[in-house]
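Visitor: Contents are mmCIF, C-alpha atoms and all ligand atoms; file name model03.cif:
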```
data_model
#
loop_
_atom_site.group_PDB
_atom_site.id
_atom_site.type_symbol
_atom_site.label_atom_id
_atom_site.label_comp_id
_atom_site.auth_asym_id
_atom_site.auth_seq_id
_atom_site.Cartn_x
_atom_site.Cartn_y
_atom_site.Cartn_z
ATOM 1 C CA MET A 1 -76.408 48.482 15.963
ATOM 2 C CA ASN A 2 -77.415 48.391 19.584
ATOM 3 C CA ASN A 3 -77.558 51.433 21.820
ATOM 4 C CA THR A 4 -74.135 50.878 23.332
ATOM 5 C CA MET A 5 -72.507 50.623 19.911
ATOM 6 C CA ARG A 6 -74.379 53.725 18.766
ATOM 7 C CA THR A 7 -73.202 55.708 21.788
ATOM 8 C CA LYS A 8 -69.596 54.582 21.180
ATOM 9 C CA ALA A 9 -69.788 55.597 17.508
ATOM 10 C CA ILE A 10 -71.163 59.045 18.436
ATOM 11 C CA LEU A 11 -68.466 59.516 21.065
ATOM 12 C CA ALA A 12 -65.761 58.475 18.586
ATOM 13 C CA ALA A 13 -67.119 60.909 15.974
ATOM 14 C CA LEU A 14 -67.194 63.672 18.606
ATOM 15 C CA ALA A 15 -63.611 62.889 19.637
ATOM 16 C CA VAL A 16 -62.446 63.137 16.007
ATOM 17 C CA ALA A 17 -64.325 66.396 15.581
ATOM 18 C CA LEU A 18 -62.883 67.782 18.817
ATOM 19 C CA LEU A 19 -59.331 66.787 17.791
ATOM 20 C CA ALA A 20 -59.771 68.432 14.381
ATOM 21 C CA TYR A 21 -61.161 71.557 16.045
ATOM 22 C CA THR A 22 -58.293 71.692 18.567
ATOM 23 C CA GLN A 23 -55.686 71.301 15.799
ATOM 24 C CA ALA A 24 -57.346 74.022 13.738
ATOM 25 C CA GLN A 25 -57.342 76.271 16.799
ATOM 26 C CA ALA A 26 -53.653 75.552 17.435
ATOM 27 C CA GLN A 27 -52.739 76.460 13.855
ATOM 28 C CA GLU A 28 -54.486 79.798 14.033
ATOM 29 C CA THR A 29 -52.314 82.766 14.989
ATOM 30 C CA PRO A 30 -52.987 83.553 18.615
ATOM 31 C CA LYS A 31 -55.046 86.672 19.021
ATOM 32 C CA PRO A 32 -53.121 89.558 20.625
ATOM 33 C CA PRO A 33 -54.265 90.164 24.175
ATOM 34 C CA LYS A 34 -56.706 93.000 24.621
ATOM 35 C CA MET A 35 -54.747 96.196 25.233
ATOM 36 C CA VAL A 36 -55.334 97.882 28.584
ATOM 37 C CA PRO A 37 -53.521 100.962 29.976
ATOM 38 C CA GLU A 38 -51.752 98.955 32.724
ATOM 39 C CA MET A 39 -49.875 96.883 30.126
ATOM 40 C CA THR A 40 -47.558 99.790 29.352
ATOM 41 C CA GLU A 41 -47.157 101.135 32.890
ATOM 42 C CA PHE A 42 -43.951 100.005 34.604
ATOM 43 C CA TRP A 43 -43.532 100.484 38.347
ATOM 44 C CA GLU A 44 -40.278 98.638 39.038
ATOM 45 C CA PRO A 45 -37.569 99.524 39.681
ATOM 46 C CA GLU A 46 -38.846 102.663 41.377
ATOM 47 C CA VAL A 47 -37.239 105.932 40.227
ATOM 48 C CA ARG A 48 -34.671 107.086 42.765
ATOM 49 C CA VAL A 49 -35.458 110.272 44.686
ATOM 50 C CA VAL A 50 -32.950 113.112 44.320
ATOM 51 C CA THR A 51 -33.449 116.286 46.305
ATOM 52 C CA PRO A 52 -32.718 119.286 44.129
ATOM 53 C CA ALA A 53 -30.967 122.240 45.735
ATOM 54 C CA ALA A 54 -33.108 125.292 46.508
ATOM 55 C CA ASN A 55 -31.063 127.081 43.880
ATOM 56 C CA SER A 56 -30.781 124.919 40.769
ATOM 57 C CA THR A 57 -27.113 125.845 40.215
ATOM 58 C CA SER A 58 -26.213 124.254 43.566
ATOM 59 C CA ALA A 59 -25.417 120.572 43.965
ATOM 60 C CA PRO A 60 -28.419 118.228 44.232
ATOM 61 C CA SER A 61 -28.409 115.493 46.889
ATOM 62 C CA ASP A 62 -26.657 112.816 44.801
ATOM 63 C CA ALA A 63 -23.869 114.976 43.362
ATOM 64 C CA ILE A 64 -20.178 114.673 44.156
ATOM 65 C CA VAL A 65 -19.000 118.160 45.065
ATOM 66 C CA LEU A 66 -15.674 118.822 43.370
ATOM 67 C CA PHE A 67 -15.293 122.382 44.667
ATOM 68 C CA ASP A 68 -17.466 124.024 47.292
ATOM 69 C CA GLY A 69 -15.473 127.238 47.677
ATOM 70 C CA LYS A 70 -13.170 126.048 50.449
ATOM 71 C CA ASP A 71 -10.259 124.038 49.099
ATOM 72 C CA LEU A 72 -8.892 121.924 46.248
ATOM 73 C CA SER A 73 -8.857 118.672 48.228
ATOM 74 C CA GLN A 74 -10.683 116.880 45.392
ATOM 75 C CA TRP A 75 -7.947 117.900 42.906
ATOM 76 C CA LYS A 76 -4.302 117.129 42.180
ATOM 77 C CA ALA A 77 -1.623 118.341 39.782
ATOM 78 C CA THR A 78 -2.166 116.650 36.390
ATOM 79 C CA ASP A 79 1.580 116.029 35.957
ATOM 80 C CA GLY A 80 1.547 113.685 38.954
ATOM 81 C CA LYS A 81 3.629 116.052 41.088
ATOM 82 C CA GLY A 82 1.348 116.240 44.103
ATOM 83 C CA GLU A 83 -1.445 118.566 45.182
ATOM 84 C CA ALA A 84 -3.270 121.124 43.070
ATOM 85 C CA ARG A 85 -1.603 124.405 43.858
ATOM 86 C CA TRP A 86 -3.965 126.909 42.241
ATOM 87 C CA LYS A 87 -5.025 129.720 44.626
ATOM 88 C CA VAL A 88 -8.408 129.597 46.376
ATOM 89 C CA LYS A 89 -9.949 132.924 47.370
ATOM 90 C CA ASP A 90 -13.483 134.258 47.910
ATOM 91 C CA ASN A 91 -15.202 130.918 47.161
ATOM 92 C CA ALA A 92 -13.378 130.581 43.824
ATOM 93 C CA PHE A 93 -9.975 129.505 42.541
ATOM 94 C CA THR A 94 -7.762 130.974 39.867
ATOM 95 C CA VAL A 95 -5.791 129.120 37.195
ATOM 96 C CA GLY A 96 -2.175 128.791 38.299
ATOM 97 C CA LYS A 97 0.864 126.814 37.138
ATOM 98 C CA GLY A 98 0.108 123.536 35.360
ATOM 99 C CA ASN A 99 -3.176 121.719 34.693
ATOM 100 C CA ILE A 100 -5.110 120.208 37.572
ATOM 101 C CA SER A 101 -7.242 117.027 37.593
ATOM 102 C CA THR A 102 -9.835 115.496 39.866
ATOM 103 C CA LYS A 103 -8.515 112.725 42.098
ATOM 104 C CA GLN A 104 -11.578 110.670 41.200
ATOM 105 C CA GLU A 105 -12.053 109.203 37.713
ATOM 106 C CA PHE A 106 -15.348 109.316 35.833
ATOM 107 C CA GLY A 107 -17.180 107.617 32.970
ATOM 108 C CA ASP A 108 -20.575 109.059 31.964
ATOM 109 C CA PHE A 109 -21.591 112.145 33.904
ATOM 110 C CA GLN A 110 -23.423 115.430 34.303
ATOM 111 C CA LEU A 111 -21.015 118.214 35.245
ATOM 112 C CA HIS A 112 -21.838 121.683 36.551
ATOM 113 C CA ILE A 113 -18.992 124.185 36.522
ATOM 114 C CA GLU A 114 -18.897 127.978 36.765
ATOM 115 C CA TRP A 115 -16.100 130.122 35.397
ATOM 116 C CA SER A 116 -15.223 133.759 34.985
ATOM 117 C CA ALA A 117 -12.895 135.391 32.467
ATOM 118 C CA PRO A 118 -10.147 137.530 34.037
ATOM 119 C CA ASP A 119 -11.401 140.929 35.247
ATOM 120 C CA GLU A 120 -8.576 142.604 33.361
ATOM 121 C CA VAL A 121 -9.401 142.261 29.656
ATOM 122 C CA LYS A 122 -6.102 141.467 27.968
ATOM 123 C CA GLY A 123 -5.072 139.774 24.726
ATOM 124 C CA THR A 124 -7.081 138.835 21.651
ATOM 125 C CA SER A 125 -8.501 135.722 20.015
ATOM 126 C CA GLN A 126 -7.181 132.591 21.797
ATOM 127 C CA GLY A 127 -5.043 134.760 24.087
ATOM 128 C CA ARG A 128 -7.951 136.245 26.034
ATOM 129 C CA GLY A 129 -9.095 134.336 29.102
ATOM 130 C CA ASN A 130 -8.190 130.910 27.774
ATOM 131 C CA SER A 131 -8.581 127.775 29.869
ATOM 132 C CA GLY A 132 -10.534 124.585 29.223
ATOM 133 C CA ILE A 133 -12.342 121.666 30.726
ATOM 134 C CA PHE A 134 -10.943 118.309 29.643
ATOM 135 C CA LEU A 135 -13.612 115.620 29.900
ATOM 136 C CA GLN A 136 -11.908 112.343 30.789
ATOM 137 C CA ASP A 137 -8.628 114.257 30.584
ATOM 138 C CA ARG A 138 -8.812 114.267 26.746
ATOM 139 C CA TYR A 139 -11.815 116.042 25.288
ATOM 140 C CA GLU A 140 -11.745 119.821 25.752
ATOM 141 C CA VAL A 141 -14.811 121.988 26.118
ATOM 142 C CA GLN A 142 -13.230 125.372 25.513
ATOM 143 C CA VAL A 143 -13.194 128.099 28.133
ATOM 144 C CA LEU A 144 -12.354 131.441 26.550
ATOM 145 C CA ASP A 145 -13.354 135.085 26.948
ATOM 146 C CA ASN A 146 -15.360 135.506 23.754
ATOM 147 C CA TYR A 147 -17.238 138.554 24.954
ATOM 148 C CA GLU A 148 -16.635 140.871 21.972
ATOM 149 C CA ASN A 149 -13.571 138.819 21.105
ATOM 150 C CA ARG A 150 -13.557 136.961 17.773
ATOM 151 C CA THR A 151 -11.573 133.788 17.238
ATOM 152 C CA TYR A 152 -11.976 130.691 15.056
ATOM 153 C CA ALA A 153 -15.528 129.401 15.581
ATOM 154 C CA ASN A 154 -14.543 125.857 16.503
ATOM 155 C CA GLY A 155 -12.172 127.202 19.149
ATOM 156 C CA GLN A 156 -14.405 129.667 20.979
ATOM 157 C CA ALA A 157 -16.149 129.337 24.335
ATOM 158 C CA GLY A 158 -18.536 126.406 24.307
ATOM 159 C CA SER A 159 -16.810 124.683 21.408
ATOM 160 C CA VAL A 160 -15.559 121.133 21.524
ATOM 161 C CA TYR A 161 -12.093 122.340 20.677
ATOM 162 C CA LYS A 162 -11.452 122.175 16.908
ATOM 163 C CA GLN A 163 -14.328 119.703 16.434
ATOM 164 C CA HIS A 164 -17.639 121.442 17.016
ATOM 165 C CA ARG A 165 -18.401 125.175 17.037
ATOM 166 C CA PRO A 166 -20.954 126.293 19.624
ATOM 167 C CA LEU A 167 -24.460 126.852 18.224
ATOM 168 C CA VAL A 168 -24.422 130.423 19.614
ATOM 169 C CA ASN A 169 -22.182 132.747 21.613
ATOM 170 C CA ALA A 170 -23.827 132.955 25.057
ATOM 171 C CA MET A 171 -20.950 134.769 26.824
ATOM 172 C CA ARG A 172 -21.375 137.010 29.814
ATOM 173 C CA LYS A 173 -19.070 139.979 30.312
ATOM 174 C CA PRO A 174 -15.653 139.529 31.937
ATOM 175 C CA SER A 175 -15.974 139.620 35.747
ATOM 176 C CA GLU A 176 -19.455 138.062 35.442
ATOM 177 C CA TRP A 177 -19.811 134.327 36.052
ATOM 178 C CA ASN A 178 -20.491 131.889 33.225
ATOM 179 C CA VAL A 179 -22.107 128.503 33.829
ATOM 180 C CA TYR A 180 -21.516 125.298 31.905
ATOM 181 C CA ASP A 181 -23.763 122.284 32.337
ATOM 182 C CA ILE A 182 -22.187 119.388 30.483
ATOM 183 C CA ILE A 183 -23.777 116.000 29.850
ATOM 184 C CA TYR A 184 -21.187 113.512 28.705
ATOM 185 C CA THR A 185 -21.314 109.948 27.438
ATOM 186 C CA ALA A 186 -17.923 108.262 27.404
ATOM 187 C CA PRO A 187 -16.730 106.385 24.312
ATOM 188 C CA ARG A 188 -16.892 102.585 24.369
ATOM 189 C CA PHE A 189 -14.089 100.411 23.042
ATOM 190 C CA LYS A 190 -13.952 96.795 21.912
ATOM 191 C CA GLU A 191 -11.676 94.311 23.641
ATOM 192 C CA ASN A 192 -9.074 94.741 20.891
ATOM 193 C CA GLY A 193 -9.003 98.498 21.571
ATOM 194 C CA ALA A 194 -10.970 99.555 18.478
ATOM 195 C CA LEU A 195 -13.655 102.191 18.887
ATOM 196 C CA PHE A 196 -17.142 100.749 19.490
ATOM 197 C CA THR A 197 -19.136 103.968 20.076
ATOM 198 C CA PRO A 198 -17.741 107.514 20.124
ATOM 199 C CA ALA A 199 -18.067 109.946 23.031
ATOM 200 C CA ARG A 200 -21.030 112.335 22.935
ATOM 201 C CA VAL A 201 -21.568 115.656 24.652
ATOM 202 C CA THR A 202 -24.303 118.178 25.290
ATOM 203 C CA VAL A 203 -23.329 121.608 26.637
ATOM 204 C CA LEU A 204 -25.477 124.403 28.021
ATOM 205 C CA HIS A 205 -23.718 127.760 28.386
ATOM 206 C CA ASN A 206 -25.589 130.016 30.810
ATOM 207 C CA GLY A 207 -28.654 127.840 30.226
ATOM 208 C CA VAL A 208 -28.378 128.162 26.442
ATOM 209 C CA LEU A 209 -27.793 125.014 24.382
ATOM 210 C CA VAL A 210 -24.464 125.278 22.556
ATOM 211 C CA GLN A 211 -23.677 121.589 21.860
ATOM 212 C CA ASN A 212 -26.564 119.237 21.141
ATOM 213 C CA ASN A 213 -25.426 115.660 21.772
ATOM 214 C CA VAL A 214 -22.518 115.990 19.328
ATOM 215 C CA GLU A 215 -20.232 113.086 18.497
ATOM 216 C CA LEU A 216 -16.587 113.522 19.402
ATOM 217 C CA LYS A 217 -14.031 112.517 16.773
ATOM 218 C CA GLY A 218 -11.369 111.680 19.340
ATOM 219 C CA PRO A 219 -9.164 113.662 21.745
ATOM 220 C CA THR A 220 -9.218 117.390 20.961
ATOM 221 C CA GLU A 221 -5.909 118.238 19.301
ATOM 222 C CA TYR A 222 -4.266 121.643 18.821
ATOM 223 C CA ILE A 223 -2.442 120.351 15.744
ATOM 224 C CA GLY A 224 -3.640 117.565 13.472
ATOM 225 C CA LEU A 225 -6.641 115.303 13.377
ATOM 226 C CA PRO A 226 -8.168 113.534 16.357
ATOM 227 C CA GLU A 227 -7.779 109.791 16.739
ATOM 228 C CA TYR A 228 -9.292 107.617 19.473
ATOM 229 C CA LYS A 229 -7.158 105.491 21.750
ATOM 230 C CA ALA A 230 -8.907 103.071 24.109
ATOM 231 C CA HIS A 231 -9.213 104.227 27.709
ATOM 232 C CA GLY A 232 -11.307 103.658 30.801
ATOM 233 C CA LYS A 233 -12.593 106.076 33.426
ATOM 234 C CA ALA A 234 -10.510 109.232 33.698
ATOM 235 C CA PRO A 235 -10.447 112.517 35.630
ATOM 236 C CA ILE A 236 -11.849 115.917 34.735
ATOM 237 C CA SER A 237 -8.917 118.251 34.114
ATOM 238 C CA LEU A 238 -8.703 122.028 33.954
ATOM 239 C CA GLN A 239 -6.294 123.760 31.618
ATOM 240 C CA ASP A 240 -3.574 126.245 32.489
ATOM 241 C CA HIS A 241 -3.297 128.374 29.362
ATOM 242 C CA GLY A 242 -1.470 131.151 31.183
ATOM 243 C CA ASN A 243 -4.571 133.281 31.808
ATOM 244 C CA PRO A 244 -6.043 133.898 35.298
ATOM 245 C CA VAL A 245 -9.483 132.408 34.602
ATOM 246 C CA GLN A 246 -11.508 131.693 37.757
ATOM 247 C CA TYR A 247 -13.657 128.686 38.646
ATOM 248 C CA ARG A 248 -16.256 128.051 41.340
ATOM 249 C CA ASN A 249 -19.178 125.803 42.315
ATOM 250 C CA ILE A 250 -18.189 122.527 40.623
ATOM 251 C CA TRP A 251 -20.207 119.346 41.052
ATOM 252 C CA ILE A 252 -20.709 116.163 39.131
ATOM 253 C CA ARG A 253 -23.305 113.393 38.976
ATOM 254 C CA GLU A 254 -22.201 110.003 37.747
ATOM 255 C CA LEU A 255 -24.659 108.476 35.295
HETATM 256 MG MG MG B 301 -8.381 126.133 26.141
#
```
Any chance you could put this one into structure tokens?
Guide:
Amino acid sequence: MNNTMRTKAILAALAVALLAYTQAQAQETPKPPKMVPEMTEFWEPEVRVVTPAANSTSAPSDAIVLFDGKDLSQWKATDGKGEARWKVKDNAFTVGKGNISTKQEFGDFQLHIEWSAPDEVKGTSQGRGNSGIFLQDRYEVQVLDNYENRTYANGQAGSVYKQHRPLVNAMRKPSEWNVYDIIYTAPRFKENGALFTPARVTVLHNGVLVQNNVELKGPTEYIGLPEYKAHGKAPISLQDHGNPVQYRNIWIREL
């Protein structure tokens, strides 16, 4: 074997060895990259800036104001017969004839709404200061004067009517203002109309948690069991239950 042949044989042996090594490397499970803090820090998209109001019960910069104390221009009669005709006075409005609904329709949202039971304490159980907030025109968060007024638990203030009792009774006295902060996730439906995911709601009553992300069973019914029917975005409606409940400072943030 001359030198040239020897060199060629060595090179060939090296090539075989290198190929075997490369194949062995390829078959090995790749090592996970070394973890560094930056790997779990996401910068994009940047979180949107929202300017909170000086007073946290007032509308932040990205809210849609549904009632600012002046007029009911954001509302209409639920029955389709024109404008909302409930009376506005002293930065609030009082329940009048027939339900009213927002002109705008909503899906998922955060809603802030303040309400006061009638100054004159009258009636008992469901007859005292009854109104209600219908989320997507179907799912009622009960408004009722339950200050020293017993009624069925799943129908009192802060309940999802006849579906979920409030965790506690956080009522203020009649003539004092109550605050609801409601976080709502709309139900999703399949193309054939069947339920995909139910609606969910969280309710704070005067800053106290009364509904903790509960699952709605369908529209809140006075009689019978709830059953979902497919729907899209829908208004917020307020109930006329014949009692002069007052509302003020209403705003909503679409999610
Ligand atoms: Mg009601």
Visitor: I need the residue nearest ligand MG 301 (chain B) from this list: A:Val143, A:Ile182, A:Met39, A:Val210. Use only C-alpha atoms and all ligand atoms for the distance.
Guide: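 Under the stated criterion, the closest residue is A:Val143.
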Visitor: Ranking A:Gly242, A:Phe42, A:Ala54, A:Leu72 by minimum distance to Leu144 (chain A) and counting all atoms listed in the file, which one comes first?
Guide: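 Of all the options, A:Gly242 lies closest to Leu144 (chain A).
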Visitor: Could you state which residues are captured by the PyMOL selection byres (((not hetatm)) within 10 of (chain B and resi 301)) in this file, as an mmCIF file with C-alpha atoms, in the frame of the given file?
Guide:
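Result file is out.cif:
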```
data_model
loop_
_atom_site.group_PDB
_atom_site.id
_atom_site.type_symbol
_atom_site.label_atom_id
_atom_site.label_comp_id
_atom_site.auth_asym_id
_atom_site.auth_seq_id
_atom_site.Cartn_x
_atom_site.Cartn_y
_atom_site.Cartn_z
ATOM 1 C CA GLN A 126 -7.181 132.591 21.797
ATOM 2 C CA GLY A 127 -5.043 134.760 24.087
ATOM 3 C CA GLY A 129 -9.095 134.336 29.102
ATOM 4 C CA ASN A 130 -8.190 130.910 27.774
ATOM 5 C CA SER A 131 -8.581 127.775 29.869
ATOM 6 C CA GLY A 132 -10.534 124.585 29.223
ATOM 7 C CA ILE A 133 -12.342 121.666 30.726
ATOM 8 C CA PHE A 134 -10.943 118.309 29.643
ATOM 9 C CA GLU A 140 -11.745 119.821 25.752
ATOM 10 C CA VAL A 141 -14.811 121.988 26.118
ATOM 11 C CA GLN A 142 -13.230 125.372 25.513
ATOM 12 C CA VAL A 143 -13.194 128.099 28.133
ATOM 13 C CA LEU A 144 -12.354 131.441 26.550
ATOM 14 C CA GLY A 155 -12.172 127.202 19.149
ATOM 15 C CA GLN A 156 -14.405 129.667 20.979
ATOM 16 C CA ALA A 157 -16.149 129.337 24.335
ATOM 17 C CA SER A 159 -16.810 124.683 21.408
ATOM 18 C CA VAL A 160 -15.559 121.133 21.524
ATOM 19 C CA TYR A 161 -12.093 122.340 20.677
ATOM 20 C CA TYR A 222 -4.266 121.643 18.821
ATOM 21 C CA LEU A 238 -8.703 122.028 33.954
ATOM 22 C CA GLN A 239 -6.294 123.760 31.618
ATOM 23 C CA ASP A 240 -3.574 126.245 32.489
ATOM 24 C CA HIS A 241 -3.297 128.374 29.362
ATOM 25 C CA GLY A 242 -1.470 131.151 31.183
ATOM 26 C CA ASN A 243 -4.571 133.281 31.808
#
```
Visitor: Report as a count of residues only the full result of the PyMOL selection byres (((chain A and resi 248) around 7) and not hetatm) when it is applied to this structure.
Guide: 12
Visitor: The residues within 12 Å of (-18.9, 106.4, 39.3), using all atoms listed in the file and the coordinates of the file, should be reported as a PyMOL selection string; which are they?
Guide: chain A and resi 62-64+104-110+232-235+252-255
Visitor: Rounded to one decimal in Å, what is the spacing between CA of Val179 (chain A) and CA of Glu227 (chain A)?
Guide: 29.1 Å
Visitor: Which residues fall under the PyMOL selection byres (((chain A and resi 216) around 7) and not hetatm) in this file, as a list in words?
Guide: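 When the PyMOL selection byres (((chain A and resi 216) around 7) and not hetatm) is applied to the shown file, the picked residues are Pro198, Ala199, Arg200, Val214, Glu215, Lys217 and Gly218 of chain A.
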Visitor: I'd like the neighbourhood of Tyr152 (chain A) as a ChimeraX atom specification, where a residue qualifies if any of its atoms comes within 9 Å (using all atoms listed in the file), though same-chain residues fewer than 6 positions away should be ignored.
Guide: /A:125-126,162,165
Visitor: Could you state the separation of CA of His164 (chain A) and CA of Tyr184 (chain A) in Å, given to one decimal place?
Guide: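 CA of Tyr184 (chain A) lies 14.6 Å from CA of His164 (chain A).
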Visitor: Given only C-alpha atoms as the basis, pick out the residue of A:Ala77, A:Ala12, A:Ile236, A:Ala186 nearest to Gly98 (chain A).
Guide: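 Among the listed residues, the smallest separation from Gly98 (chain A) belongs to A:Ala77.
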Visitor: For CA of Pro118 (chain A) and CA of Lys97 (chain A), determine how far apart the two atoms are, in Å to one decimal place.
Guide: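 CA of Lys97 (chain A) lies at a distance of 15.7 Å from CA of Pro118 (chain A).
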Visitor: Give me the residues within 8 Å of Lys76 (chain A) as number ranges by chain, counting all atoms listed in the file and dropping any in the same chain fewer than 2 places off.
Guide: A: 72-74, 78, 80, 82-85, 100-103
Visitor: Which residue out of A:Glu28, A:Asp79, A:Asp145, A:Glu176 has the minimum interatomic distance to Gly123 (chain A) when all atoms listed in the file are used?
Guide: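 The answer is A:Asp145, which sits nearest to Gly123 (chain A).
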Visitor: Can you complete the atoms of region 243-251 of chain A to all heavy atoms and list them as a tab-separated table (two decimals), keeping the file's coordinate frame?
Guide:
```
chain	number	residue	atom	x	y	z
A	243	ASN	N	-3.66	132.16	31.53
A	243	ASN	CA	-4.57	133.28	31.81
A	243	ASN	C	-5.30	133.03	33.13
A	243	ASN	O	-5.74	131.91	33.38
A	243	ASN	CB	-5.62	133.44	30.71
A	243	ASN	CG	-5.01	133.68	29.32
A	243	ASN	OD1	-5.60	133.30	28.31
A	243	ASN	ND2	-3.83	134.29	29.26
A	244	PRO	N	-5.44	134.09	33.96
A	244	PRO	CA	-6.04	133.90	35.30
A	244	PRO	C	-7.57	133.77	35.28
A	244	PRO	O	-8.30	134.57	35.86
A	244	PRO	CB	-5.60	135.16	36.06
A	244	PRO	CG	-5.42	136.19	34.99
A	244	PRO	CD	-4.98	135.47	33.75
A	245	VAL	N	-8.05	132.72	34.61
A	245	VAL	CA	-9.48	132.41	34.60
A	245	VAL	C	-9.85	131.87	36.00
A	245	VAL	O	-9.04	131.22	36.64
A	245	VAL	CB	-9.79	131.35	33.52
A	245	VAL	CG1	-11.22	130.84	33.60
A	245	VAL	CG2	-9.50	131.91	32.13
A	246	GLN	N	-11.07	132.18	36.45
A	246	GLN	CA	-11.51	131.69	37.76
A	246	GLN	C	-12.59	130.63	37.61
A	246	GLN	O	-13.36	130.66	36.64
A	246	GLN	CB	-12.08	132.85	38.57
A	246	GLN	CG	-11.02	133.85	39.03
A	246	GLN	CD	-11.67	134.96	39.83
A	246	GLN	OE1	-12.33	135.83	39.26
A	246	GLN	NE2	-11.51	134.91	41.13
A	247	TYR	N	-12.62	129.73	38.59
A	247	TYR	CA	-13.66	128.69	38.65
A	247	TYR	C	-14.31	128.68	40.02
A	247	TYR	O	-13.67	129.03	41.02
A	247	TYR	CB	-13.03	127.32	38.40
A	247	TYR	CG	-12.59	127.08	36.98
A	247	TYR	CD1	-11.27	127.31	36.60
A	247	TYR	CD2	-13.49	126.64	36.01
A	247	TYR	CE1	-10.85	127.09	35.28
A	247	TYR	CE2	-13.08	126.42	34.70
A	247	TYR	CZ	-11.77	126.65	34.34
A	247	TYR	OH	-11.36	126.44	33.05
A	248	ARG	N	-15.57	128.25	40.06
A	248	ARG	CA	-16.26	128.05	41.34
A	248	ARG	C	-17.42	127.05	41.16
A	248	ARG	O	-17.77	126.72	40.03
A	248	ARG	CB	-16.79	129.39	41.88
A	248	ARG	CG	-17.99	129.90	41.12
A	248	ARG	CD	-18.61	131.14	41.76
A	248	ARG	NE	-19.84	131.50	41.06
A	248	ARG	CZ	-20.50	132.63	41.24
A	248	ARG	NH1	-20.03	133.54	42.09
A	248	ARG	NH2	-21.61	132.87	40.57
A	249	ASN	N	-17.98	126.65	42.29
A	249	ASN	CA	-19.18	125.80	42.32
A	249	ASN	C	-19.14	124.67	41.28
A	249	ASN	O	-19.82	124.73	40.25
A	249	ASN	CB	-20.44	126.66	42.11
A	249	ASN	CG	-21.73	125.84	42.33
A	249	ASN	OD1	-21.71	124.80	42.98
A	249	ASN	ND2	-22.81	126.31	41.75
A	250	ILE	N	-18.35	123.65	41.56
A	250	ILE	CA	-18.19	122.53	40.62
A	250	ILE	C	-18.75	121.26	41.27
A	250	ILE	O	-18.36	120.90	42.37
A	250	ILE	CB	-16.70	122.31	40.27
A	250	ILE	CG1	-16.05	123.63	39.83
A	250	ILE	CG2	-16.55	121.25	39.19
A	250	ILE	CD1	-14.53	123.54	39.65
A	251	TRP	N	-19.68	120.63	40.58
A	251	TRP	CA	-20.21	119.35	41.05
A	251	TRP	C	-20.51	118.44	39.88
A	251	TRP	O	-20.66	118.90	38.74
A	251	TRP	CB	-21.42	119.53	41.97
A	251	TRP	CG	-22.54	120.41	41.49
A	251	TRP	CD1	-22.73	121.73	41.79
A	251	TRP	CD2	-23.66	120.03	40.65
A	251	TRP	NE1	-23.86	122.20	41.19
A	251	TRP	CE2	-24.47	121.18	40.49
A	251	TRP	CE3	-24.04	118.84	40.02
A	251	TRP	CZ2	-25.64	121.18	39.71
A	251	TRP	CZ3	-25.19	118.83	39.25
A	251	TRP	CH2	-25.97	119.99	39.11
```
